[in-house]
>>> print(open('data-v6.cif').read())   # mmCIF, N, CA and C atoms
data_coords
#
loop_
_atom_site.label_atom_id
_atom_site.label_comp_id
_atom_site.auth_asym_id
_atom_site.auth_seq_id
_atom_site.Cartn_x
_atom_site.Cartn_y
_atom_site.Cartn_z
N MET A 1 -162.90 176.81 -102.11
CA MET A 1 -162.79 177.00 -100.68
C MET A 1 -163.11 178.44 -100.27
N ALA A 2 -162.63 179.40 -101.03
CA ALA A 2 -162.87 180.80 -100.68
C ALA A 2 -164.37 181.12 -100.75
N GLU A 3 -165.08 180.50 -101.70
CA GLU A 3 -166.51 180.72 -101.80
C GLU A 3 -167.24 180.18 -100.58
N GLU A 4 -166.75 179.06 -100.02
CA GLU A 4 -167.37 178.47 -98.84
C GLU A 4 -167.31 179.44 -97.67
N LYS A 5 -166.21 180.14 -97.52
CA LYS A 5 -166.04 181.05 -96.40
C LYS A 5 -166.86 182.32 -96.56
N LYS A 6 -167.10 182.75 -97.79
CA LYS A 6 -167.83 183.98 -98.04
C LYS A 6 -169.33 183.84 -97.78
N ARG A 7 -169.84 182.63 -97.93
CA ARG A 7 -171.28 182.43 -97.74
C ARG A 7 -171.64 182.52 -96.27
N GLY A 8 -172.80 183.06 -96.00
CA GLY A 8 -173.26 183.22 -94.64
C GLY A 8 -173.87 181.94 -94.08
N TRP A 9 -174.19 182.00 -92.81
CA TRP A 9 -174.75 180.83 -92.15
C TRP A 9 -176.13 180.49 -92.70
N LEU A 10 -176.87 181.50 -93.15
CA LEU A 10 -178.20 181.24 -93.69
C LEU A 10 -178.11 180.45 -95.00
N ASP A 11 -177.16 180.81 -95.85
CA ASP A 11 -176.98 180.07 -97.11
C ASP A 11 -176.61 178.62 -96.84
N ARG A 12 -175.71 178.41 -95.89
CA ARG A 12 -175.32 177.04 -95.55
C ARG A 12 -176.49 176.27 -94.96
N ALA A 13 -177.30 176.95 -94.13
CA ALA A 13 -178.46 176.29 -93.52
C ALA A 13 -179.50 175.93 -94.58
N LEU A 14 -179.70 176.82 -95.56
CA LEU A 14 -180.68 176.55 -96.60
C LEU A 14 -180.26 175.40 -97.52
N GLU A 15 -178.97 175.16 -97.63
CA GLU A 15 -178.49 174.04 -98.45
C GLU A 15 -178.83 172.70 -97.83
N VAL A 16 -179.05 172.68 -96.53
CA VAL A 16 -179.36 171.43 -95.83
C VAL A 16 -180.80 170.99 -96.12
N ILE A 17 -181.68 171.95 -96.38
CA ILE A 17 -183.10 171.63 -96.55
C ILE A 17 -183.36 170.65 -97.69
N PRO A 18 -182.82 170.83 -98.89
CA PRO A 18 -183.10 169.84 -99.93
C PRO A 18 -182.62 168.43 -99.58
N ARG A 19 -181.46 168.34 -98.93
CA ARG A 19 -180.98 167.02 -98.53
C ARG A 19 -181.90 166.40 -97.50
N ALA A 20 -182.39 167.20 -96.56
CA ALA A 20 -183.30 166.68 -95.53
C ALA A 20 -184.64 166.27 -96.16
N MET A 21 -185.13 167.09 -97.09
CA MET A 21 -186.40 166.76 -97.74
C MET A 21 -186.29 165.52 -98.61
N ALA A 22 -185.11 165.24 -99.10
CA ALA A 22 -184.92 164.10 -99.98
C ALA A 22 -184.52 162.84 -99.22
N SER A 23 -184.40 162.93 -97.92
CA SER A 23 -183.98 161.77 -97.15
C SER A 23 -185.06 160.69 -97.18
N ARG A 24 -184.65 159.46 -96.97
CA ARG A 24 -185.60 158.36 -96.97
C ARG A 24 -186.62 158.51 -95.86
N LEU A 25 -186.17 159.01 -94.71
CA LEU A 25 -187.08 159.22 -93.59
C LEU A 25 -188.17 160.21 -93.96
N SER A 26 -187.79 161.29 -94.59
CA SER A 26 -188.76 162.31 -94.97
C SER A 26 -189.79 161.75 -95.96
N VAL A 27 -189.32 161.03 -96.97
CA VAL A 27 -190.23 160.44 -97.95
C VAL A 27 -191.15 159.43 -97.26
N PHE A 28 -190.60 158.65 -96.33
CA PHE A 28 -191.41 157.68 -95.60
C PHE A 28 -192.51 158.39 -94.80
N ILE A 29 -192.15 159.46 -94.12
CA ILE A 29 -193.14 160.22 -93.33
C ILE A 29 -194.26 160.73 -94.22
N PHE A 30 -193.91 161.30 -95.38
CA PHE A 30 -194.93 161.83 -96.28
C PHE A 30 -195.81 160.71 -96.84
N LEU A 31 -195.21 159.58 -97.17
CA LEU A 31 -196.02 158.46 -97.65
C LEU A 31 -196.94 157.94 -96.56
N PHE A 32 -196.44 157.87 -95.33
CA PHE A 32 -197.27 157.42 -94.21
C PHE A 32 -198.45 158.38 -94.00
N LEU A 33 -198.17 159.68 -94.00
CA LEU A 33 -199.25 160.65 -93.82
C LEU A 33 -200.28 160.57 -94.94
N PHE A 34 -199.79 160.39 -96.16
CA PHE A 34 -200.70 160.25 -97.29
C PHE A 34 -201.58 159.01 -97.11
N ALA A 35 -200.96 157.89 -96.76
CA ALA A 35 -201.73 156.66 -96.57
C ALA A 35 -202.73 156.80 -95.44
N TYR A 36 -202.32 157.43 -94.35
CA TYR A 36 -203.21 157.55 -93.18
C TYR A 36 -204.35 158.54 -93.43
N LEU A 37 -204.00 159.69 -93.96
CA LEU A 37 -205.02 160.74 -94.10
C LEU A 37 -205.89 160.59 -95.34
N VAL A 38 -205.39 159.97 -96.38
CA VAL A 38 -206.17 159.86 -97.61
C VAL A 38 -206.73 158.45 -97.77
N ILE A 39 -205.84 157.49 -97.89
CA ILE A 39 -206.28 156.13 -98.21
C ILE A 39 -207.06 155.52 -97.04
N TYR A 40 -206.50 155.61 -95.84
CA TYR A 40 -207.17 155.04 -94.68
C TYR A 40 -208.51 155.73 -94.40
N THR A 41 -208.55 157.04 -94.55
CA THR A 41 -209.81 157.76 -94.33
C THR A 41 -210.85 157.35 -95.36
N LEU A 42 -210.45 157.24 -96.62
CA LEU A 42 -211.40 156.78 -97.65
C LEU A 42 -211.88 155.36 -97.36
N LEU A 43 -210.96 154.52 -96.91
CA LEU A 43 -211.33 153.15 -96.56
C LEU A 43 -212.34 153.13 -95.41
N CYS A 44 -212.12 154.00 -94.41
CA CYS A 44 -213.05 154.09 -93.28
C CYS A 44 -214.42 154.60 -93.71
N ILE A 45 -214.46 155.46 -94.70
CA ILE A 45 -215.74 155.98 -95.20
C ILE A 45 -216.48 154.93 -96.00
N ILE A 46 -215.74 154.16 -96.80
CA ILE A 46 -216.35 153.15 -97.68
C ILE A 46 -216.83 151.93 -96.89
N VAL A 47 -215.99 151.45 -95.97
CA VAL A 47 -216.34 150.26 -95.20
C VAL A 47 -217.11 150.69 -93.96
N PRO A 48 -218.37 150.31 -93.84
CA PRO A 48 -219.20 150.79 -92.73
C PRO A 48 -218.66 150.41 -91.34
N GLY A 49 -218.06 149.28 -91.19
CA GLY A 49 -217.56 148.84 -89.89
C GLY A 49 -216.39 149.66 -89.37
N LEU A 50 -215.68 150.34 -90.26
CA LEU A 50 -214.51 151.13 -89.87
C LEU A 50 -214.85 152.58 -89.58
N ASP A 51 -216.14 152.91 -89.64
CA ASP A 51 -216.56 154.31 -89.46
C ASP A 51 -216.09 154.88 -88.12
N ALA A 52 -216.07 154.07 -87.10
CA ALA A 52 -215.65 154.54 -85.77
C ALA A 52 -214.15 154.86 -85.71
N TYR A 53 -213.38 154.29 -86.63
CA TYR A 53 -211.93 154.49 -86.63
C TYR A 53 -211.47 155.58 -87.59
N THR A 54 -212.39 156.28 -88.18
CA THR A 54 -212.05 157.37 -89.09
C THR A 54 -211.28 158.45 -88.34
N PRO A 55 -210.15 158.92 -88.90
CA PRO A 55 -209.41 159.99 -88.22
C PRO A 55 -210.30 161.22 -88.03
N GLY A 56 -210.27 161.78 -86.84
CA GLY A 56 -211.09 162.94 -86.54
C GLY A 56 -210.59 164.19 -87.23
N ASP A 57 -211.42 165.20 -87.21
CA ASP A 57 -211.07 166.47 -87.84
C ASP A 57 -209.83 167.08 -87.21
N ASP A 58 -209.72 166.98 -85.89
CA ASP A 58 -208.56 167.55 -85.20
C ASP A 58 -207.26 166.90 -85.67
N ILE A 59 -207.29 165.58 -85.81
CA ILE A 59 -206.09 164.87 -86.26
C ILE A 59 -205.73 165.28 -87.67
N GLN A 60 -206.74 165.41 -88.52
CA GLN A 60 -206.48 165.80 -89.90
C GLN A 60 -205.92 167.21 -89.98
N VAL A 61 -206.39 168.08 -89.13
CA VAL A 61 -205.86 169.45 -89.13
C VAL A 61 -204.42 169.46 -88.64
N VAL A 62 -204.14 168.70 -87.58
CA VAL A 62 -202.78 168.67 -87.02
C VAL A 62 -201.80 168.07 -88.02
N LEU A 63 -202.15 166.99 -88.63
CA LEU A 63 -201.22 166.31 -89.55
C LEU A 63 -201.17 166.93 -90.94
N GLY A 64 -202.05 167.82 -91.25
CA GLY A 64 -202.01 168.51 -92.54
C GLY A 64 -203.12 168.05 -93.45
N ASN A 65 -203.35 168.78 -94.49
CA ASN A 65 -204.39 168.39 -95.44
C ASN A 65 -203.79 167.61 -96.59
N TYR A 66 -204.64 167.05 -97.42
CA TYR A 66 -204.21 166.15 -98.47
C TYR A 66 -203.29 166.82 -99.49
N THR A 67 -203.64 168.01 -99.86
CA THR A 67 -202.84 168.71 -100.87
C THR A 67 -201.44 168.99 -100.38
N ASN A 68 -201.30 169.41 -99.12
CA ASN A 68 -199.97 169.69 -98.59
C ASN A 68 -199.11 168.44 -98.52
N ILE A 69 -199.72 167.33 -98.20
CA ILE A 69 -198.96 166.09 -98.11
C ILE A 69 -198.46 165.68 -99.49
N LEU A 70 -199.32 165.75 -100.47
CA LEU A 70 -198.89 165.40 -101.82
C LEU A 70 -197.85 166.38 -102.34
N SER A 71 -198.01 167.65 -102.02
CA SER A 71 -197.03 168.65 -102.45
C SER A 71 -195.68 168.41 -101.79
N ALA A 72 -195.70 168.08 -100.52
CA ALA A 72 -194.45 167.81 -99.81
C ALA A 72 -193.76 166.58 -100.37
N LEU A 73 -194.52 165.56 -100.69
CA LEU A 73 -193.93 164.36 -101.28
C LEU A 73 -193.31 164.68 -102.64
N GLY A 74 -194.03 165.43 -103.46
CA GLY A 74 -193.47 165.82 -104.76
C GLY A 74 -192.23 166.68 -104.61
N ALA A 75 -192.26 167.59 -103.64
CA ALA A 75 -191.11 168.46 -103.42
C ALA A 75 -189.91 167.67 -102.93
N SER A 76 -190.14 166.68 -102.08
CA SER A 76 -189.01 165.90 -101.58
C SER A 76 -188.39 165.05 -102.68
N ILE A 77 -189.22 164.52 -103.54
CA ILE A 77 -188.68 163.75 -104.67
C ILE A 77 -187.91 164.66 -105.61
N ALA A 78 -188.47 165.84 -105.90
CA ALA A 78 -187.78 166.79 -106.78
C ALA A 78 -186.48 167.28 -106.14
N ALA A 79 -186.51 167.53 -104.84
CA ALA A 79 -185.30 167.98 -104.16
C ALA A 79 -184.23 166.90 -104.20
N GLY A 80 -184.64 165.67 -104.03
CA GLY A 80 -183.68 164.57 -104.10
C GLY A 80 -183.04 164.45 -105.46
N SER A 81 -183.85 164.63 -106.50
CA SER A 81 -183.31 164.60 -107.85
C SER A 81 -182.34 165.75 -108.08
N GLY A 82 -182.74 166.94 -107.62
CA GLY A 82 -181.86 168.10 -107.79
C GLY A 82 -180.55 167.95 -107.05
N VAL A 83 -180.60 167.44 -105.84
CA VAL A 83 -179.37 167.24 -105.06
C VAL A 83 -178.48 166.22 -105.74
N ALA A 84 -179.07 165.13 -106.21
CA ALA A 84 -178.29 164.09 -106.87
C ALA A 84 -177.62 164.62 -108.13
N ILE A 85 -178.38 165.35 -108.93
CA ILE A 85 -177.82 165.89 -110.17
C ILE A 85 -176.72 166.91 -109.87
N HIS A 86 -176.97 167.77 -108.89
CA HIS A 86 -175.98 168.79 -108.54
C HIS A 86 -174.68 168.15 -108.06
N SER A 87 -174.77 167.13 -107.23
CA SER A 87 -173.55 166.50 -106.73
C SER A 87 -172.80 165.78 -107.84
N LYS A 88 -173.53 165.17 -108.78
CA LYS A 88 -172.87 164.49 -109.91
C LYS A 88 -172.18 165.50 -110.82
N VAL A 89 -172.83 166.63 -111.08
CA VAL A 89 -172.22 167.66 -111.93
C VAL A 89 -171.00 168.25 -111.25
N LYS A 90 -171.10 168.48 -109.95
CA LYS A 90 -169.97 169.01 -109.19
C LYS A 90 -168.78 168.04 -109.25
N ASP A 91 -169.05 166.75 -109.09
CA ASP A 91 -168.00 165.74 -109.18
C ASP A 91 -167.41 165.70 -110.59
N LEU A 92 -168.25 165.81 -111.59
CA LEU A 92 -167.77 165.82 -112.97
C LEU A 92 -166.85 167.01 -113.23
N HIS A 93 -167.20 168.17 -112.71
CA HIS A 93 -166.35 169.35 -112.88
C HIS A 93 -164.99 169.17 -112.19
N LYS A 94 -165.00 168.57 -111.02
CA LYS A 94 -163.73 168.31 -110.31
C LYS A 94 -162.86 167.36 -111.12
N ARG A 95 -163.48 166.31 -111.65
CA ARG A 95 -162.71 165.35 -112.45
C ARG A 95 -162.18 166.00 -113.72
N HIS A 96 -163.00 166.87 -114.33
CA HIS A 96 -162.56 167.57 -115.53
C HIS A 96 -161.38 168.48 -115.23
N ASP A 97 -161.45 169.21 -114.12
CA ASP A 97 -160.35 170.09 -113.74
C ASP A 97 -159.07 169.30 -113.49
N HIS A 98 -159.21 168.16 -112.83
CA HIS A 98 -158.04 167.31 -112.56
C HIS A 98 -157.45 166.78 -113.87
N LEU A 99 -158.29 166.36 -114.79
CA LEU A 99 -157.82 165.87 -116.08
C LEU A 99 -157.13 166.97 -116.87
N ARG A 100 -157.71 168.18 -116.87
CA ARG A 100 -157.10 169.31 -117.56
C ARG A 100 -155.72 169.63 -116.98
N ASP A 101 -155.63 169.64 -115.64
CA ASP A 101 -154.33 169.90 -115.01
C ASP A 101 -153.32 168.82 -115.35
N SER A 102 -153.76 167.57 -115.40
CA SER A 102 -152.86 166.47 -115.77
C SER A 102 -152.38 166.60 -117.21
N MET A 103 -153.29 167.01 -118.08
CA MET A 103 -152.90 167.19 -119.49
C MET A 103 -151.91 168.35 -119.65
N THR A 104 -152.11 169.41 -118.89
CA THR A 104 -151.19 170.54 -118.93
C THR A 104 -149.81 170.11 -118.45
N ASP A 105 -149.76 169.35 -117.37
CA ASP A 105 -148.47 168.84 -116.87
C ASP A 105 -147.82 167.91 -117.88
N LEU A 106 -148.60 167.07 -118.51
CA LEU A 106 -148.06 166.15 -119.50
C LEU A 106 -147.48 166.90 -120.68
N HIS A 107 -148.17 167.93 -121.16
CA HIS A 107 -147.64 168.72 -122.28
C HIS A 107 -146.35 169.44 -121.89
N ALA A 108 -146.28 169.93 -120.66
CA ALA A 108 -145.05 170.58 -120.20
C ALA A 108 -143.90 169.59 -120.16
N LYS A 109 -144.15 168.38 -119.71
CA LYS A 109 -143.09 167.35 -119.68
C LYS A 109 -142.65 166.98 -121.09
N ILE A 110 -143.61 166.85 -121.99
CA ILE A 110 -143.27 166.52 -123.37
C ILE A 110 -142.41 167.63 -123.98
N ASP A 111 -142.76 168.89 -123.72
CA ASP A 111 -141.98 170.01 -124.24
C ASP A 111 -140.57 170.00 -123.68
N ARG A 112 -140.42 169.71 -122.37
CA ARG A 112 -139.08 169.65 -121.78
C ARG A 112 -138.26 168.51 -122.39
N LEU A 113 -138.88 167.36 -122.59
CA LEU A 113 -138.17 166.24 -123.20
C LEU A 113 -137.78 166.55 -124.64
N GLN A 114 -138.66 167.23 -125.37
CA GLN A 114 -138.35 167.59 -126.75
C GLN A 114 -137.16 168.54 -126.80
N LYS A 115 -137.09 169.49 -125.87
CA LYS A 115 -135.96 170.41 -125.83
C LYS A 115 -134.67 169.67 -125.52
N LYS A 116 -134.75 168.69 -124.61
CA LYS A 116 -133.55 167.90 -124.30
C LYS A 116 -133.10 167.10 -125.51
N LEU A 117 -134.07 166.54 -126.24
CA LEU A 117 -133.71 165.78 -127.44
C LEU A 117 -133.11 166.69 -128.51
N ASP A 118 -133.62 167.90 -128.61
CA ASP A 118 -133.08 168.85 -129.60
C ASP A 118 -131.66 169.28 -129.24
N ASN A 119 -131.33 169.29 -127.96
CA ASN A 119 -130.01 169.72 -127.52
C ASN A 119 -128.96 168.60 -127.56
N LEU A 120 -129.39 167.35 -127.77
CA LEU A 120 -128.45 166.25 -127.85
C LEU A 120 -127.63 166.37 -129.13
N PRO A 121 -126.35 166.03 -129.04
CA PRO A 121 -125.56 166.08 -130.28
C PRO A 121 -126.01 164.99 -131.25
N SER A 122 -126.08 165.34 -132.49
CA SER A 122 -126.52 164.35 -133.51
C SER A 122 -125.33 163.52 -133.93
N LYS A 123 -125.54 162.31 -134.30
CA LYS A 123 -124.46 161.40 -134.72
C LYS A 123 -124.33 161.32 -136.18
#
>>> encode(input="data-v6.cif", output="structure tokens")
Amino acid sequence: MAEEKKRGWLDRALEVIPRAMASRLSVFIFLFLFAYLVIYTLLCIIVPGLDAYTPGDDIQVVLGNYTNILSALGASIAAGSGVAIHSKVKDLHKRHDHLRDSMTDLHAKIDRLQKKLDNLPSK
């Protein structure tokens, strides 16, 4: 908790980016752009009747080039993997800490019971 308060707003804002890039909506957008700008354009070039429907240069510039789209898709998948792994490791550490604390409490109880048994009069 203390670490959460020490971090600035920029650090917290930057942590949101991998989750946003890994969202299903983001991956869908990148796949759509890839299909539209790469596959559909190639299809329009190959099929003579679709030549009139080829995306114009202006549209391609606005929506990005092929390399950026593929890079963004790869980055979003990698970010999603990193976020998933980080959250699982964080959860594992919390469970480990809880188990360690439980074991410490259990050992303390066993020690107290052993002392009580040692103090009982023997028959």
>>> atom_distance(input="data-v6.cif", atom1="atom C of A:Gln60", atom2="atom N of A:Val38")
9.7 Å
>>> select_by_dssp(input="data-v6.cif", residues="stretch 14-85 of chain A", states="alpha helix (DSSP H)", output="ChimeraX atom specification")
/A:14-21,24-34,41-46,57-63,66-85
>>> residues_around(input="data-v6.cif", residues="A:Ala22", least_positions_apart="4", cutoff="5 Å", atoms="all atoms listed in the file", output="VMD selection string")
chain A and resid 18 76 80
>>> closest_residue(input="data-v6.cif", among="A:Leu117, A:Ala84, A:Leu92, A:Ala79", to="A:Ala20", atoms="only C-alpha atoms")
A:Ala79
>>> atom_distance(input="data-v6.cif", atom1="atom CA of A:Ser81", atom2="atom C of A:Leu10")
21.1 Å
>>> resolve_selection(input="data-v6.cif", expression="the PyMOL selection byres (((chain A and resi 55-58 and name CA) around 10) and name CA)", output="compact mmCIF listing (two decimals) with N, CA and C atoms, keeping the file's coordinate frame")
# COMPACT_ATOMS: atom_id res chain seq x y z
N TYR A 36 -202.32 157.43 -94.35
CA TYR A 36 -203.21 157.55 -93.18
C TYR A 36 -204.35 158.54 -93.43
N LEU A 37 -204.00 159.69 -93.96
CA LEU A 37 -205.02 160.74 -94.10
C LEU A 37 -205.89 160.59 -95.34
N VAL A 38 -205.39 159.97 -96.38
CA VAL A 38 -206.17 159.86 -97.61
C VAL A 38 -206.73 158.45 -97.77
N TYR A 40 -206.50 155.61 -95.84
CA TYR A 40 -207.17 155.04 -94.68
C TYR A 40 -208.51 155.73 -94.40
N THR A 41 -208.55 157.04 -94.55
CA THR A 41 -209.81 157.76 -94.33
C THR A 41 -210.85 157.35 -95.36
N CYS A 44 -212.12 154.00 -94.41
CA CYS A 44 -213.05 154.09 -93.28
C CYS A 44 -214.42 154.60 -93.71
N ASP A 51 -216.14 152.91 -89.64
CA ASP A 51 -216.56 154.31 -89.46
C ASP A 51 -216.09 154.88 -88.12
N ALA A 52 -216.07 154.07 -87.10
CA ALA A 52 -215.65 154.54 -85.77
C ALA A 52 -214.15 154.86 -85.71
N TYR A 53 -213.38 154.29 -86.63
CA TYR A 53 -211.93 154.49 -86.63
C TYR A 53 -211.47 155.58 -87.59
N THR A 54 -212.39 156.28 -88.18
CA THR A 54 -212.05 157.37 -89.09
C THR A 54 -211.28 158.45 -88.34
N ILE A 59 -207.29 165.58 -85.81
CA ILE A 59 -206.09 164.87 -86.26
C ILE A 59 -205.73 165.28 -87.67
N GLN A 60 -206.74 165.41 -88.52
CA GLN A 60 -206.48 165.80 -89.90
C GLN A 60 -205.92 167.21 -89.98
N VAL A 61 -206.39 168.08 -89.13
CA VAL A 61 -205.86 169.45 -89.13
C VAL A 61 -204.42 169.46 -88.64
N VAL A 62 -204.14 168.70 -87.58
CA VAL A 62 -202.78 168.67 -87.02
C VAL A 62 -201.80 168.07 -88.02
N LEU A 63 -202.15 166.99 -88.63
CA LEU A 63 -201.22 166.31 -89.55
C LEU A 63 -201.17 166.93 -90.94
N GLY A 64 -202.05 167.82 -91.25
CA GLY A 64 -202.01 168.51 -92.54
C GLY A 64 -203.12 168.05 -93.45
